[in-house]
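Chemist: Data: query_22.cif, mmCIF, C-alpha atoms.
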```cif
data_my_file
loop_
_atom_site.label_atom_id
_atom_site.label_comp_id
_atom_site.auth_asym_id
_atom_site.auth_seq_id
_atom_site.Cartn_x
_atom_site.Cartn_y
_atom_site.Cartn_z
CA MET C 1391 -4.07 40.51 7.03
CA ALA C 1392 -1.01 40.45 4.75
CA LEU C 1393 -1.14 42.05 1.28
CA ARG C 1394 1.34 41.03 -1.42
CA ASN C 1395 1.95 40.45 -5.13
CA PRO C 1396 0.70 43.80 -6.47
CA ALA C 1397 0.11 43.94 -10.23
CA ILE C 1398 -0.84 46.98 -12.31
CA ARG C 1399 -1.71 47.62 -15.95
CA SER C 1400 -2.29 51.20 -17.09
CA ALA C 1401 -1.22 53.88 -19.53
CA LEU C 1402 1.91 54.27 -17.40
CA GLY C 1403 3.04 50.69 -17.98
CA ASP C 1404 2.14 47.00 -18.00
CA HIS C 1405 3.78 46.01 -14.73
CA ALA C 1406 4.12 47.61 -11.33
CA ASP C 1407 7.82 48.49 -11.57
CA ALA C 1408 7.31 50.36 -14.84
CA VAL C 1409 4.30 52.20 -13.42
CA TRP C 1410 6.26 53.22 -10.33
CA ALA C 1411 9.05 54.66 -12.46
CA ALA C 1412 6.62 56.47 -14.80
CA LEU C 1413 4.86 58.24 -11.92
CA ALA C 1414 7.68 60.79 -11.95
CA SER C 1415 6.58 61.89 -15.44
CA PRO C 1416 3.14 60.53 -16.40
CA PRO C 1417 2.09 60.48 -20.07
CA ALA C 1418 -0.30 63.09 -21.44
CA PRO C 1419 -3.85 62.02 -22.38
CA GLU C 1420 -4.55 61.27 -26.04
CA ALA C 1421 -7.38 62.73 -28.10
CA MET C 1422 -10.40 60.42 -28.30
CA PRO C 1423 -11.27 59.71 -31.95
CA GLY C 1424 -14.76 60.39 -33.17
CA VAL C 1425 -16.08 62.34 -30.19
CA VAL C 1426 -16.51 65.94 -29.15
CA ASP C 1427 -13.37 68.03 -29.67
CA GLY C 1428 -11.17 68.35 -26.63
CA MET C 1429 -12.09 65.03 -25.01
CA ARG C 1430 -8.99 63.05 -24.10
CA ALA C 1431 -8.16 59.73 -22.48
CA LEU C 1432 -5.27 57.63 -21.16
CA TYR C 1433 -5.14 54.22 -22.85
CA ALA C 1434 -3.47 51.10 -21.46
CA GLY C 1435 -1.64 48.63 -23.66
CA GLU C 1436 -3.39 45.59 -25.07
CA PRO C 1437 -3.01 42.56 -22.74
CA GLN C 1438 -1.66 39.31 -24.19
CA LEU C 1439 -3.64 36.23 -23.14
CA ALA C 1440 -2.07 33.51 -25.29
CA GLU C 1441 0.18 32.34 -22.46
CA LEU C 1442 -2.92 31.78 -20.32
CA GLY C 1443 -4.32 29.39 -22.91
CA ILE C 1444 -6.98 31.79 -24.15
CA ASP C 1445 -7.67 31.23 -27.83
CA ARG C 1446 -7.14 34.30 -29.99
CA LYS C 1447 -10.67 34.12 -31.38
CA LEU C 1448 -12.16 33.89 -27.90
CA ALA C 1449 -10.03 36.79 -26.67
CA ARG C 1450 -11.42 38.97 -29.46
CA THR C 1451 -14.95 38.44 -28.12
CA MET C 1452 -13.99 39.75 -24.68
CA GLU C 1453 -14.12 43.41 -23.74
CA LYS C 1454 -10.72 44.96 -23.12
CA GLN C 1455 -11.68 45.38 -19.46
CA ALA C 1456 -12.13 41.64 -19.06
CA ARG C 1457 -8.82 40.94 -20.81
CA MET C 1458 -7.01 43.47 -18.61
CA MET C 1459 -8.49 42.05 -15.42
CA LEU C 1460 -7.61 38.49 -16.38
CA ALA C 1461 -4.02 39.35 -17.36
CA THR C 1462 -3.46 41.43 -14.21
CA ALA C 1463 -4.89 38.75 -11.93
CA ALA C 1464 -2.62 36.17 -13.58
CA THR C 1465 0.40 38.39 -12.87
CA SER C 1466 -0.48 38.53 -9.15
CA LEU C 1467 -0.65 34.71 -9.10
CA ALA C 1468 2.44 34.09 -11.26
CA ASP C 1469 4.66 33.10 -8.32
CA GLU C 1470 1.99 31.18 -6.43
CA SER C 1471 2.60 27.42 -6.55
CA ASP C 1472 1.31 26.45 -3.12
CA GLY C 1473 -1.73 24.55 -4.37
CA ARG C 1474 -4.20 26.87 -2.66
CA GLY C 1475 -6.03 27.73 -5.86
CA SER C 1476 -9.03 25.53 -5.10
CA GLU C 1477 -9.63 27.46 -1.86
CA ARG C 1478 -8.67 30.92 -3.13
CA GLY C 1479 -11.35 33.59 -3.17
CA LEU C 1480 -11.88 36.20 -5.88
CA TYR C 1481 -13.10 39.71 -5.03
CA LEU C 1482 -13.38 42.17 -7.91
CA GLY C 1483 -14.48 45.75 -8.49
CA LEU C 1484 -15.97 45.76 -11.99
CA PRO C 1485 -17.91 48.49 -13.82
CA THR C 1486 -21.59 48.10 -14.61
CA VAL C 1487 -22.85 46.00 -17.49
CA ASP C 1488 -25.76 48.13 -18.70
CA GLU C 1489 -26.04 49.14 -22.34
CA PRO C 1490 -26.75 52.86 -22.90
CA ILE C 1491 -30.55 52.64 -22.94
CA PRO C 1492 -32.35 55.97 -22.38
CA GLY C 1493 -34.48 56.03 -19.26
CA MET C 1494 -37.99 57.44 -19.14
CA VAL C 1495 -36.81 60.33 -16.98
CA ALA C 1496 -34.47 61.51 -19.74
CA LEU C 1497 -37.32 61.51 -22.27
CA GLU C 1498 -39.70 63.22 -19.87
CA ASN C 1499 -37.15 65.94 -19.13
CA TRP C 1500 -36.66 66.56 -22.85
CA HIS C 1501 -40.41 66.98 -23.36
CA ALA C 1502 -40.67 69.18 -20.26
CA ASP C 1503 -37.97 71.39 -21.76
CA ARG C 1504 -40.11 71.60 -24.91
CA GLY C 1505 -37.35 70.08 -27.02
CA ARG C 1506 -35.10 73.14 -26.92
CA GLU C 1507 -32.05 70.87 -27.17
CA PRO C 1508 -31.57 68.35 -30.01
CA ILE C 1509 -32.87 64.98 -28.82
CA GLY C 1510 -29.61 63.17 -29.70
CA ALA C 1511 -27.44 65.54 -27.66
CA HIS C 1512 -29.89 65.41 -24.74
CA LEU C 1513 -30.01 61.60 -24.60
CA GLN C 1514 -26.25 61.34 -25.01
CA ARG C 1515 -25.75 63.52 -21.95
CA GLU C 1516 -28.51 62.02 -19.80
CA THR C 1517 -27.97 58.32 -20.55
CA PRO C 1518 -25.56 56.30 -18.38
CA PRO C 1519 -22.51 55.21 -20.39
CA PHE C 1520 -21.88 51.76 -21.75
CA SER C 1521 -18.93 51.42 -19.42
CA GLY C 1522 -19.24 47.75 -18.69
CA LEU C 1523 -18.34 44.29 -19.84
CA SER C 1524 -20.07 42.50 -22.69
CA MET C 1525 -21.30 39.81 -20.30
CA LEU C 1526 -22.70 39.87 -16.80
CA ASN C 1527 -20.18 40.83 -14.14
CA SER C 1528 -20.71 37.52 -12.38
CA SER C 1529 -19.94 35.66 -15.62
CA ALA C 1530 -16.80 37.75 -16.17
CA ALA C 1531 -15.61 36.95 -12.65
CA ALA C 1532 -16.47 33.28 -13.06
CA HIS C 1533 -14.43 33.13 -16.27
CA ILE C 1534 -11.42 34.64 -14.50
CA ALA C 1535 -11.83 32.22 -11.59
CA ALA C 1536 -12.09 29.22 -13.92
CA THR C 1537 -9.10 30.26 -16.04
CA LEU C 1538 -6.91 30.73 -12.96
CA ARG C 1539 -8.35 27.66 -11.18
CA MET C 1540 -9.92 29.46 -8.24
CA THR C 1541 -13.04 27.86 -6.77
CA GLY C 1542 -13.28 29.66 -3.45
CA SER C 1543 -15.70 32.43 -2.50
CA LEU C 1544 -16.46 35.02 -5.18
CA ALA C 1545 -17.89 38.54 -5.05
CA VAL C 1546 -18.19 41.41 -7.54
CA TYR C 1547 -18.68 45.08 -6.70
CA SER C 1548 -19.64 47.98 -8.97
CA PRO C 1549 -19.73 50.60 -10.29
CA PHE C 1550 -18.16 53.62 -8.56
CA ALA C 1551 -14.80 54.52 -7.06
CA ASP C 1552 -15.60 52.75 -3.80
CA ALA C 1553 -16.07 49.39 -5.54
CA GLY C 1554 -12.36 48.56 -5.39
CA LEU C 1555 -12.23 49.57 -1.72
CA ASN C 1556 -15.19 47.30 -0.89
CA ALA C 1557 -13.60 44.41 -2.77
CA LEU C 1558 -10.34 44.91 -0.85
CA VAL C 1559 -11.96 45.13 2.58
CA ASP C 1560 -14.42 42.28 2.06
CA GLY C 1561 -11.78 40.05 0.48
CA ALA C 1562 -9.44 40.55 3.42
CA CYS C 1563 -12.29 39.95 5.88
CA ALA C 1564 -13.24 36.75 4.04
CA VAL C 1565 -9.72 35.41 4.56
CA ALA C 1566 -9.77 36.47 8.21
CA ASP C 1567 -13.13 34.72 8.72
CA GLY C 1568 -11.90 31.50 7.11
CA GLU C 1569 -14.12 31.67 4.04
CA CYS C 1570 -11.04 31.15 1.85
CA THR C 1571 -7.35 30.46 2.43
CA ASP C 1572 -6.36 33.64 0.60
CA ALA C 1573 -8.07 36.04 -1.81
CA LEU C 1574 -7.20 37.57 -5.15
CA ILE C 1575 -8.49 41.15 -5.05
CA GLY C 1576 -8.69 43.31 -8.16
CA ALA C 1577 -10.51 46.10 -9.95
CA VAL C 1578 -10.63 47.58 -13.44
CA SER C 1579 -11.63 50.95 -14.84
CA PRO C 1580 -14.74 51.54 -16.99
CA LYS C 1581 -14.61 50.97 -20.73
CA ILE C 1582 -13.59 54.16 -22.52
CA ASP C 1583 -16.71 54.79 -24.57
CA PRO C 1584 -17.54 58.10 -26.32
CA MET C 1585 -20.29 58.70 -23.76
CA LEU C 1586 -18.10 58.08 -20.73
CA PRO C 1587 -16.45 61.56 -20.71
CA LEU C 1588 -19.90 63.12 -21.05
CA GLN C 1589 -21.09 61.22 -18.02
CA TYR C 1590 -17.97 62.28 -16.11
CA GLN C 1591 -18.74 65.88 -17.03
CA ARG C 1592 -22.23 65.47 -15.62
CA TRP C 1593 -20.94 64.11 -12.31
CA SER C 1594 -18.12 66.63 -12.03
CA GLU C 1595 -18.23 70.36 -11.43
CA PRO C 1596 -16.43 72.80 -13.78
CA GLY C 1597 -12.71 72.60 -13.20
CA MET C 1598 -12.94 69.12 -11.63
CA THR C 1599 -13.24 67.07 -14.82
CA LEU C 1600 -10.34 64.73 -15.63
CA ALA C 1601 -9.55 62.64 -18.68
CA ALA C 1602 -10.89 59.11 -18.62
CA GLY C 1603 -8.25 56.47 -17.96
CA GLU C 1604 -7.73 52.73 -18.42
CA ALA C 1605 -6.17 50.93 -15.47
CA CYS C 1606 -6.36 47.63 -13.69
CA ALA C 1607 -4.76 46.49 -10.43
CA SER C 1608 -4.76 43.37 -8.30
CA LEU C 1609 -3.09 41.95 -5.21
CA LEU C 1610 -3.27 38.93 -2.94
CA ALA C 1611 -4.57 38.95 0.65
CA SER C 1612 -3.45 36.12 2.94
CA PRO C 1613 -3.13 35.46 6.67
CA ALA C 1614 -0.32 37.48 8.21
CA GLY C 1615 2.76 35.56 9.31
CA ASP C 1616 5.63 36.38 11.63
CA ASP C 1617 7.53 38.44 9.09
CA ALA C 1618 7.56 42.01 10.42
CA ASP C 1619 8.56 43.25 6.96
CA GLU C 1620 5.34 42.19 5.22
CA ALA C 1621 2.70 44.80 4.41
CA ARG C 1622 -0.68 44.44 6.05
CA LEU C 1623 -4.18 45.84 5.90
CA LEU C 1624 -4.23 47.45 9.33
CA GLY C 1625 -7.53 49.31 9.39
CA TYR C 1626 -10.43 50.59 7.34
CA ALA C 1627 -13.59 52.68 7.53
CA ARG C 1628 -16.44 53.08 5.04
CA GLY C 1629 -19.16 55.70 4.89
CA TYR C 1630 -21.56 57.77 2.88
CA ALA C 1631 -22.66 61.39 3.10
CA SER C 1632 -24.94 63.05 0.59
CA LEU C 1633 -23.42 65.95 -1.29
CA PRO C 1634 -22.61 68.75 -0.76
CA TRP C 1635 -20.18 68.04 2.08
CA ASN C 1636 -19.54 70.76 4.64
CA GLY C 1637 -16.29 72.71 4.77
CA ASP C 1638 -15.14 71.00 7.97
CA GLY C 1639 -14.23 67.82 6.12
CA GLY C 1640 -17.64 66.19 5.74
CA PRO C 1641 -17.43 62.52 6.74
CA LEU C 1642 -13.69 62.24 6.14
CA PRO C 1643 -12.26 63.27 9.57
CA ALA C 1644 -14.36 60.64 11.35
CA LEU C 1645 -13.45 57.95 8.79
CA ILE C 1646 -9.73 58.75 9.00
CA ALA C 1647 -9.87 58.64 12.80
CA GLN C 1648 -11.78 55.34 12.75
CA ALA C 1649 -9.36 53.69 10.32
CA LEU C 1650 -6.29 54.88 12.25
CA SER C 1651 -7.83 53.70 15.52
CA MET C 1652 -8.45 50.22 14.10
CA ALA C 1653 -4.87 50.21 12.83
CA GLU C 1654 -3.60 51.32 16.27
CA ARG C 1655 -1.79 54.21 14.63
CA HIS C 1656 -1.88 57.96 15.09
CA ALA C 1657 -1.54 60.66 12.45
CA GLY C 1658 2.16 61.15 13.14
CA GLN C 1659 2.86 57.55 12.08
CA VAL C 1660 1.48 58.02 8.55
CA GLY C 1661 4.20 58.37 5.94
CA TRP C 1662 2.18 58.76 2.73
CA ILE C 1663 -1.37 59.75 1.72
CA VAL C 1664 -2.83 58.45 -1.55
CA HIS C 1665 -6.33 59.36 -2.69
CA SER C 1666 -8.66 59.39 -5.67
CA ALA C 1667 -9.57 62.72 -7.24
CA PRO C 1668 -12.57 64.62 -5.83
CA TRP C 1669 -15.57 64.97 -8.15
CA ARG C 1670 -17.03 68.15 -6.66
CA ASP C 1671 -15.45 71.27 -5.24
CA CYS C 1672 -17.10 70.53 -1.89
CA GLN C 1673 -15.25 67.18 -1.83
CA ARG C 1674 -11.97 68.91 -2.61
CA ARG C 1675 -12.48 71.45 0.16
CA ALA C 1676 -13.60 68.73 2.59
CA LEU C 1677 -10.52 66.62 1.79
CA ASP C 1678 -8.17 69.56 2.29
CA ALA C 1679 -9.90 70.47 5.56
CA ALA C 1680 -9.77 66.89 6.85
CA LEU C 1681 -6.07 66.53 6.07
CA THR C 1682 -5.26 69.92 7.60
CA ALA C 1683 -7.18 68.97 10.75
CA CYS C 1684 -5.29 65.68 11.08
CA TRP C 1685 -1.89 67.13 10.15
CA PRO C 1686 -2.01 70.84 11.15
CA THR C 1687 1.75 71.39 11.06
CA ALA C 1688 3.33 69.00 8.54
CA LEU C 1689 1.30 67.06 5.99
CA PRO C 1690 2.91 63.80 4.77
CA PRO C 1691 3.61 63.48 1.03
CA ARG C 1692 0.31 63.33 -0.82
CA LEU C 1693 -0.56 61.84 -4.21
CA ASP C 1694 -3.80 62.22 -6.16
CA ILE C 1695 -3.46 59.12 -8.33
CA GLU C 1696 -6.15 60.07 -10.84
CA ARG C 1697 -4.17 63.17 -11.81
CA SER C 1698 -1.66 60.69 -13.26
CA PHE C 1699 -3.86 57.76 -14.33
CA GLY C 1700 -7.06 59.57 -15.33
CA ARG C 1701 -10.51 58.80 -13.95
CA ILE C 1702 -10.30 55.07 -13.32
CA GLY C 1703 -13.44 54.42 -11.28
CA PRO C 1704 -13.40 51.09 -9.38
CA ALA C 1705 -9.67 50.62 -10.02
CA ALA C 1706 -8.68 53.72 -8.01
CA THR C 1707 -8.46 52.20 -4.53
CA THR C 1708 -6.96 48.88 -5.63
CA LEU C 1709 -4.33 50.70 -7.66
CA ALA C 1710 -3.59 52.99 -4.71
CA ALA C 1711 -3.19 49.94 -2.46
CA SER C 1712 -0.82 48.35 -4.97
CA LEU C 1713 1.26 51.54 -5.06
CA ALA C 1714 1.26 51.54 -1.25
CA LEU C 1715 2.81 48.05 -1.26
CA HIS C 1716 5.53 49.28 -3.61
CA ALA C 1717 6.20 52.31 -1.44
CA LEU C 1718 6.56 50.15 1.67
CA GLN C 1719 8.85 47.74 -0.17
CA ARG C 1720 11.07 50.49 -1.60
CA GLY C 1721 11.00 52.91 1.32
CA GLU C 1722 10.10 55.81 -0.97
CA CYS C 1723 6.99 57.55 -2.28
CA HIS C 1724 5.75 60.04 -4.88
CA ALA C 1725 4.08 63.40 -4.26
CA ASP C 1726 1.89 65.63 -6.42
CA ASN C 1727 3.76 67.90 -8.85
CA GLU C 1728 7.17 66.48 -7.90
CA SER C 1729 9.42 64.52 -10.23
CA GLN C 1730 11.74 63.37 -7.46
CA ARG C 1731 10.73 60.57 -5.14
CA ARG C 1732 10.67 61.22 -1.42
CA VAL C 1733 11.87 59.01 1.40
CA LEU C 1734 9.01 57.18 3.11
CA THR C 1735 9.64 58.30 6.69
CA GLN C 1736 6.95 56.12 8.29
CA PRO C 1737 5.92 52.58 7.22
CA THR C 1738 2.21 53.40 7.05
CA VAL C 1739 0.12 54.54 4.06
CA LEU C 1740 -3.36 56.10 4.23
CA VAL C 1741 -5.62 55.54 1.20
CA ILE C 1742 -8.77 57.63 0.70
CA ALA C 1743 -11.49 56.91 -1.88
CA MET C 1744 -14.27 59.26 -2.93
CA ALA C 1745 -17.11 58.57 -5.36
CA PRO C 1746 -19.35 61.01 -7.24
CA HIS C 1747 -22.53 60.34 -5.25
CA GLY C 1748 -21.04 60.72 -1.77
CA GLN C 1749 -19.56 57.28 -1.10
CA CYS C 1750 -16.20 57.41 0.67
CA GLY C 1751 -13.79 55.17 2.49
CA VAL C 1752 -10.35 54.99 4.09
CA ILE C 1753 -7.89 52.12 4.45
CA VAL C 1754 -4.59 51.94 6.31
CA ILE C 1755 -1.77 49.75 4.94
CA GLY C 1756 1.54 49.37 6.72
CA LYS C 1757 4.10 47.22 8.43
CA GLU C 1758 4.06 46.09 12.01
CA GLN C 1759 5.90 48.48 14.28
CA ALA C 1760 7.93 47.52 17.33
#
```
Now that the file is in, can you turn its structure into structure tokens?
Modeler:
Amino acid sequence: MALRNPAIRSALGDHADAVWAALASPPAPEAMPGVVDGMRALYAGEPQLAELGIDRKLARTMEKQARMMLATAATSLADESDGRGSERGLYLGLPTVDEPIPGMVALENWHADRGREPIGAHLQRETPPFSGLSMLNSSAAAHIAATLRMTGSLAVYSPFADAGLNALVDGACAVADGECTDALIGAVSPKIDPMLPLQYQRWSEPGMTLAAGEACASLLASPAGDDADEARLLGYARGYASLPWNGDGGPLPALIAQALSMAERHAGQVGWIVHSAPWRDCQRRALDAALTACWPTALPPRLDIERSFGRIGPAATTLAASLALHALQRGECHADNESQRRVLTQPTVLVIAMAPHGQCGVIVIGKEQA
């Protein structure tokens, strides 16, 4: 399955070329106004929707996430004039839509603790964040599909870091199975709300917390042609393992092996590794162990994208896949803590996604090899 037309919006830039250049020196997070001291975030620029025919008053009623997703999807389709829109599918990773309503468990825990902590601080920490869109996810996706004239199959995934991976895999499979002629695949980060960093702190262990980030990415999946230079989704594997993961790599070694086997590649043919940031120390140790087991002598260049973009939730995998397409096109890649780009020695990229509750997945993107 061919992947093309990557589009990215983030704090590093509003288009993929600018983002690629900024990876050498990412911007520093900004202080979040009106919240606990020390909380910082990476903010993306405001998308402009006037050229899509969206009235200014209507645009103001949409959450920034919805505006970002719509603008990014339109960028991926900007050069498409083949008339396939009516049969084009839409597969999106979108954050949850729930308002921050305290659950009974949070209240019960406060009473069980005999109210030692102020009730406001307790509920703020224990209540899921309002990280979603102002309308149902299905309605948000339907609005994007209608604006861009797509009436093919539609699916929405949320809320964690594996949502973008599931959208990518299922969208590509839908094209392969003939459910749509091609598929627009995208994902967007959660809304940066004052409670979001607190929720991230709850899910993360000390030393593993990152600044929240705004990012959105999309690409187009279509049937592969005869062009050996086009990038393709070659393999994938999805799994789950309850935390803590063991020090031998947890589920990751098996998932990496499964994805490479589907792709008909071996570890020595991987030129770049891109992954989301671990949430727990056990995930970090498992990731390091899995990569060391697969590449015991020489590890390919490796990039933790959320160290540059912030915690971006569902957008992580889709953004990593978009960066993979750029790397394959340019023949170069970025590595952690390096300002200079490296030569991409092999035309295959391994993408790894990890979520805070144990979800994980691997995809392999590359070019056909002789």
Chemist: Could you please give me, as an MDAnalysis selection string, the residues of protein, DNA or RNA lying at most 8 Å from (-19.1, 34.5, -9.7) in the coordinate frame of the file, considering all atoms listed in the file?
Modeler: chainID C and resid 1527:1532 1535 1544:1546
Chemist: Calculated over only C-alpha atoms, which of the candidates C:Gly1603, C:Gly1554, C:Gly1505, C:Pro1396 has the smallest distance to Met1429 of chain C?
Modeler: C:Gly1603
Chemist: To one decimal place, how far is atom CA of Val1565 of chain C from atom CA of Arg1478 of chain C in Å?
Modeler: 9.0 Å
Chemist: Return the single residue from C:Ala1577, C:Leu1718, C:Val1739, C:Leu1586 that is closest to Ile1646 of chain C, with distances computed using all atoms listed in the file.
Modeler: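 With all atoms listed in the file as the atom set, the closest residue is C:Val1739.
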Chemist: If you measure from atom CA of Pro1746 of chain C to atom CA of Leu1633 of chain C, what distance in Å do you get, rounded to one decimal?
Modeler: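 Result for atom CA of Pro1746 of chain C versus atom CA of Leu1633 of chain C: 8.7 Å, one decimal.
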Chemist: Carefully work through the PyMOL selection byres ((chain C and resi 1668) around 10) for this structure and note down the residues it includes, as a ChimeraX atom specification.
Modeler: /C:1594-1595,1598-1599,1665-1667,1669-1677,1694,1696,1743-1746
Chemist: Could you state which residues are captured by the PyMOL selection byres ((chain C and resi 1651) around 12) in this file, as a compact mmCIF listing (two decimals) with C-alpha atoms, in the frame of the given file?
Modeler:
```txt
# COMPACT_ATOMS: atom_id res chain seq x y z
CA LEU C 1624 -4.23 47.45 9.33
CA GLY C 1625 -7.53 49.31 9.39
CA TYR C 1626 -10.43 50.59 7.34
CA ALA C 1627 -13.59 52.68 7.53
CA ALA C 1644 -14.36 60.64 11.35
CA LEU C 1645 -13.45 57.95 8.79
CA ILE C 1646 -9.73 58.75 9.00
CA ALA C 1647 -9.87 58.64 12.80
CA GLN C 1648 -11.78 55.34 12.75
CA ALA C 1649 -9.36 53.69 10.32
CA LEU C 1650 -6.29 54.88 12.25
CA MET C 1652 -8.45 50.22 14.10
CA ALA C 1653 -4.87 50.21 12.83
CA GLU C 1654 -3.60 51.32 16.27
CA ARG C 1655 -1.79 54.21 14.63
CA HIS C 1656 -1.88 57.96 15.09
CA ALA C 1657 -1.54 60.66 12.45
CA GLN C 1659 2.86 57.55 12.08
CA VAL C 1752 -10.35 54.99 4.09
CA ILE C 1753 -7.89 52.12 4.45
CA VAL C 1754 -4.59 51.94 6.31
```
Chemist: Leu1413 of chain C: which residues within 12 Å, counting all atoms listed in the file, same-chain residues fewer than 4 positions away excluded, as a VMD selection string?
Modeler: chain C and resid 1400 to 1403 1406 to 1409 1417 to 1418 1693 to 1699 1713 1723 to 1731
Chemist: With C-alpha atoms retained, write the just-selected residues as a PDB file, in the frame of the given file.
Modeler:
```pdb
ATOM      1  CA  SER C1400      -2.290  51.200 -17.090  1.00  0.00           C
ATOM      2  CA  ALA C1401      -1.220  53.880 -19.530  1.00  0.00           C
ATOM      3  CA  LEU C1402       1.910  54.270 -17.400  1.00  0.00           C
ATOM      4  CA  GLY C1403       3.040  50.690 -17.980  1.00  0.00           C
ATOM      5  CA  ALA C1406       4.120  47.610 -11.330  1.00  0.00           C
ATOM      6  CA  ASP C1407       7.820  48.490 -11.570  1.00  0.00           C
ATOM      7  CA  ALA C1408       7.310  50.360 -14.840  1.00  0.00           C
ATOM      8  CA  VAL C1409       4.300  52.200 -13.420  1.00  0.00           C
ATOM      9  CA  PRO C1417       2.090  60.480 -20.070  1.00  0.00           C
ATOM     10  CA  ALA C1418      -0.300  63.090 -21.440  1.00  0.00           C
ATOM     11  CA  LEU C1693      -0.560  61.840  -4.210  1.00  0.00           C
ATOM     12  CA  ASP C1694      -3.800  62.220  -6.160  1.00  0.00           C
ATOM     13  CA  ILE C1695      -3.460  59.120  -8.330  1.00  0.00           C
ATOM     14  CA  GLU C1696      -6.150  60.070 -10.840  1.00  0.00           C
ATOM     15  CA  ARG C1697      -4.170  63.170 -11.810  1.00  0.00           C
ATOM     16  CA  SER C1698      -1.660  60.690 -13.260  1.00  0.00           C
ATOM     17  CA  PHE C1699      -3.860  57.760 -14.330  1.00  0.00           C
ATOM     18  CA  LEU C1713       1.260  51.540  -5.060  1.00  0.00           C
ATOM     19  CA  CYS C1723       6.990  57.550  -2.280  1.00  0.00           C
ATOM     20  CA  HIS C1724       5.750  60.040  -4.880  1.00  0.00           C
ATOM     21  CA  ALA C1725       4.080  63.400  -4.260  1.00  0.00           C
ATOM     22  CA  ASP C1726       1.890  65.630  -6.420  1.00  0.00           C
ATOM     23  CA  ASN C1727       3.760  67.900  -8.850  1.00  0.00           C
ATOM     24  CA  GLU C1728       7.170  66.480  -7.900  1.00  0.00           C
ATOM     25  CA  SER C1729       9.420  64.520 -10.230  1.00  0.00           C
ATOM     26  CA  GLN C1730      11.740  63.370  -7.460  1.00  0.00           C
ATOM     27  CA  ARG C1731      10.730  60.570  -5.140  1.00  0.00           C
TER      28      ARG C1731
END
```
Chemist: Taking into account all atoms listed in the file, which residue in the set C:Pro1613, C:Gln1589, C:Asp1552, C:Thr1537 is nearest to Cys1570 of chain C?
Modeler: C:Pro1613
Chemist: Out of C:Leu1393, C:Leu1689, C:Gly1703, C:Gln1749, which residue has the shortest atom-to-atom distance to His1716 of chain C when counting only C-alpha atoms?
Modeler: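 Smallest separation from His1716 of chain C among the options: C:Leu1393.
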Chemist: For this file, the PyMOL selection byres ((chain C and resi 1661) around 7) selects which residues, as a list in words?
Modeler: Gln1659, Val1660, Trp1662, Pro1690, Leu1734, Thr1735, Gln1736, Pro1737, Thr1738 and Val1739 of chain C
Chemist: Deliver the residues from the most recent selection as a file, using C-alpha atoms, as an mmCIF file, keeping the file's coordinate frame.
Modeler:
```cif
data_model
loop_
_atom_site.group_PDB
_atom_site.id
_atom_site.type_symbol
_atom_site.label_atom_id
_atom_site.label_comp_id
_atom_site.auth_asym_id
_atom_site.auth_seq_id
_atom_site.Cartn_x
_atom_site.Cartn_y
_atom_site.Cartn_z
ATOM 1 C CA GLN C 1659 2.860 57.550 12.080
ATOM 2 C CA VAL C 1660 1.480 58.020 8.550
ATOM 3 C CA TRP C 1662 2.180 58.760 2.730
ATOM 4 C CA PRO C 1690 2.910 63.800 4.770
ATOM 5 C CA LEU C 1734 9.010 57.180 3.110
ATOM 6 C CA THR C 1735 9.640 58.300 6.690
ATOM 7 C CA GLN C 1736 6.950 56.120 8.290
ATOM 8 C CA PRO C 1737 5.920 52.580 7.220
ATOM 9 C CA THR C 1738 2.210 53.400 7.050
ATOM 10 C CA VAL C 1739 0.120 54.540 4.060
#
```
Chemist: How close does each residue of segment 1560-1673 of chain C get to segment 1431-1438 of chain C, giving the shortest atom pair and distance in Å to one decimal for every residue with an atom at most 10 Å away, counting only C-alpha atoms, sorted by chain and residue number, as JSON lines?
Modeler:
```
{"residue": "C:Ile1582", "atom": "CA", "partner": "C:Ala1431", "partner_atom": "CA", "distance": 7.8}
{"residue": "C:Pro1587", "atom": "CA", "partner": "C:Ala1431", "partner_atom": "CA", "distance": 8.7}
{"residue": "C:Leu1600", "atom": "CA", "partner": "C:Ala1431", "partner_atom": "CA", "distance": 8.8}
{"residue": "C:Ala1601", "atom": "CA", "partner": "C:Ala1431", "partner_atom": "CA", "distance": 5.0}
{"residue": "C:Ala1602", "atom": "CA", "partner": "C:Ala1431", "partner_atom": "CA", "distance": 4.8}
{"residue": "C:Gly1603", "atom": "CA", "partner": "C:Leu1432", "partner_atom": "CA", "distance": 4.5}
{"residue": "C:Glu1604", "atom": "CA", "partner": "C:Tyr1433", "partner_atom": "CA", "distance": 5.3}
{"residue": "C:Ala1605", "atom": "CA", "partner": "C:Ala1434", "partner_atom": "CA", "distance": 6.6}
{"residue": "C:Cys1606", "atom": "CA", "partner": "C:Ala1434", "partner_atom": "CA", "distance": 9.0}
```
Chemist: Record the distance separating atom CA of Ser1712 of chain C and atom CA of Arg1450 of chain C, expressed in Å with one decimal.
Modeler: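 Atom CA of Ser1712 of chain C sits 28.3 Å away from atom CA of Arg1450 of chain C.
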Chemist: With distances taken over all atoms listed in the file, which residue among C:Ala1511, C:Ala1631, C:Ala1566, C:Leu1467 lies nearest Leu1538 of chain C?
Modeler: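 The shortest atom-to-atom distance to Leu1538 of chain C comes from C:Leu1467.
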Chemist: Rank C:Met1585, C:Ala1679, C:Ala1714, C:Leu1480 by their smallest atom-to-atom distance to Ala1463 of chain C, using only C-alpha atoms, and report the top residue only.
Modeler: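 That would be C:Leu1480, the residue with the smallest distance to Ala1463 of chain C.
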Chemist: Residues at most 8 Å from Tyr1547 of chain C, counting all atoms listed in the file, excluding those fewer than 6 positions away in the same chain, as an MDAnalysis selection string?
Modeler: chainID C and resid 1481:1485 1553:1554 1556:1557
